[in-house]
Amino acid sequence: MTAQVQTDLTGKVVVITGGNGGIGLGLARGCAAAGATVSLWGRNATKLGNAVDQLKSEGATVSGHQVDVSSEEQVDGTMAQVRSDHGRVDSLFANAGVSANPTPFIDQTIEEWHALQAVNVDGLFLSLRAAARVMVEQGEGGSLIGVSSTSAIHGAPMAQPYAASKAGVLAIMRGLAVELARYQIRCNSIIPGWVETEMTDPMRGYEKFMTATTQRTPIRRWGVPDDFAALGAFLADPSQIYHTGTEIVVDGGYTRF
């Protein structure tokens, strides 16, 4: 048997929550370059429109959907719309997420905790469930990917709600990898390190912090969204039938130093 070494997503439909910027847009660019039809989900209509236009200018087949992933009605309704428009759903990247301002643990409120979990955990659950239901019904396998964070595996002071939500991503994806294997649905996680995104803009304003994190990173720089493009295409590749239950760290070596 001749091994296939080039990713081809022609005819495949990939959904990316939080796909209107940052890591999500990087993942989308990689899948689109491999030939996939890409459905971008996001809350900010302006950013969503800009992302769709950007990908279209690069030759991608792409649609945009304004969705709050913490809403069961919106998630299920949009997934049905994507399937109706494009005929199928083959991969979902559960990437949508929010962070909170660093706050000492003793000053954190239950309202802040619930607001963050509603997007990062509830939204993950709802998005994965909606996609899994479609894939099981289609009976042709598929790929589910959860986007976590290095905060899930090392101490993140003053960010316990965020760290807990990202640890939850790993737990959910591990369980799905076992449960959905019978349907040939692959389930994996991405663990990004420090990446230049809108979410990390406030952190990059502190020179001391940037120097410390960059010096600790063996590759000596922060990541950029396009660092995730080829990985996105790989994880959506239907030929990777034996790859499931993994956690891929993309952090320039940060957690190994």
# chains A, B, ... in the order shown; residues from 1 in each chain; ligands from 1
$ residues_around --residues "stretch 225-237 of chain A" --least-positions-apart "5" --cutoff "7 Å" --atoms "only C-alpha atoms" --output "list in words"
Thr7, Leu9, Gly22, Ile23, Leu25, Gly26, Leu27, Ala28, Arg29, Gly30, Cys31, Ala34, Ser91 and Ser143 of chain A
$ atom_distance --atom1 "atom CA of A:Arg256" --atom2 "atom CA of A:Thr217"
8.6 Å
$ closest_residue --among "A:Val136, A:Ala45, A:Ile185, A:Ala212" --to "A:Gly19" --atoms "only C-alpha atoms"
A:Ala45
$ atom_distance --atom1 "atom CA of A:Gly205" --atom2 "atom CA of A:Glu111"
27.2 Å
$ closest_residue --among "A:Gly24, A:Gly87, A:Gly123, A:Gly146" --to "A:Glu72" --atoms "only C-alpha atoms"
A:Gly123
$ select_by_dssp --residues "stretch 115-168 of chain A" --states "strand (DSSP E or B)" --output "ChimeraX atom specification"
/A:142-147
$ write_last_selection --atoms "N, CA and C atoms" --output "compact mmCIF listing (two decimals), in the first residue's frame"
# COMPACT_ATOMS: atom_id res chain seq x y z
N GLY A 142 -15.35 10.96 11.26
CA GLY A 142 -15.19 12.41 11.39
C GLY A 142 -14.09 12.73 12.38
N SER A 143 -13.94 14.02 12.65
CA SER A 143 -12.89 14.46 13.55
C SER A 143 -13.41 15.57 14.45
N LEU A 144 -13.20 15.42 15.76
CA LEU A 144 -13.54 16.43 16.75
C LEU A 144 -12.26 16.88 17.43
N ILE A 145 -12.07 18.19 17.52
CA ILE A 145 -10.85 18.73 18.13
C ILE A 145 -11.22 19.78 19.16
N GLY A 146 -10.69 19.66 20.36
CA GLY A 146 -10.88 20.66 21.40
C GLY A 146 -9.61 21.47 21.58
N VAL A 147 -9.74 22.78 21.66
CA VAL A 147 -8.57 23.65 21.84
C VAL A 147 -8.47 24.01 23.32
$ closest_residue --among "A:Pro218, A:Pro157, A:Gly18, A:Gly252" --to "A:Gly97" --atoms "only C-alpha atoms"
A:Gly18
$ closest_residue --among "A:Ala115, A:Thr255, A:Ile110, A:Val98" --to "A:Thr197" --atoms "only C-alpha atoms"
A:Val98
$ closest_residue --among "A:Ala100, A:Ile241, A:Ile172, A:Leu40" --to "A:Met199" --atoms "only C-alpha atoms"
A:Ala100
$ select_by_dssp --residues "stretch 106-180 of chain A" --states "alpha helix (DSSP H)" --output "PyMOL selection string"
chain A and resi 110-117+123-138+160-179
$ residues_around --residues "A:Gln66" --least-positions-apart "6" --cutoff "6 Å" --atoms "only C-alpha atoms" --output "list in words"
Trp41, Gly42 and Arg43 of chain A
$ atom_distance --atom1 "atom CA of A:Thr214" --atom2 "atom CA of A:Gly253"
10.6 Å
$ closest_residue --among "A:Ala131, A:Lys208, A:Ala156, A:Glu247" --to "A:Val169" --atoms "only C-alpha atoms"
A:Glu247
$ residues_around --residues "A:Gln108" --least-positions-apart "3" --cutoff "10 Å" --atoms "only C-alpha atoms" --output "list in words"
Pro102, Thr103, Pro104, Phe105, Glu111, Glu112, Trp113, Met158, Ala159, Gln160 and Pro161 of chain A
$ residues_around --residues "A:Arg88" --least-positions-apart "3" --cutoff "9 Å" --atoms "only C-alpha atoms" --output "PyMOL selection string"
chain A and resi 12-13+82-85+134-135+138
$ residues_around --residues "stretch 53-56 of chain A" --least-positions-apart "5" --cutoff "8 Å" --atoms "only C-alpha atoms" --output "PyMOL selection string"
chain A and resi 29+32+61-62
$ write_last_selection --atoms "C-alpha atoms" --output "short mmCIF file (atom, residue, chain, number, x, y, z; two decimals), in the first residue's frame"
data_model
loop_
_atom_site.label_atom_id
_atom_site.label_comp_id
_atom_site.auth_asym_id
_atom_site.auth_seq_id
_atom_site.Cartn_x
_atom_site.Cartn_y
_atom_site.Cartn_z
CA ARG A 29 -6.68 28.89 6.78
CA ALA A 32 -9.19 25.83 3.46
CA THR A 61 -14.91 28.29 0.09
CA VAL A 62 -16.18 29.68 3.38
#
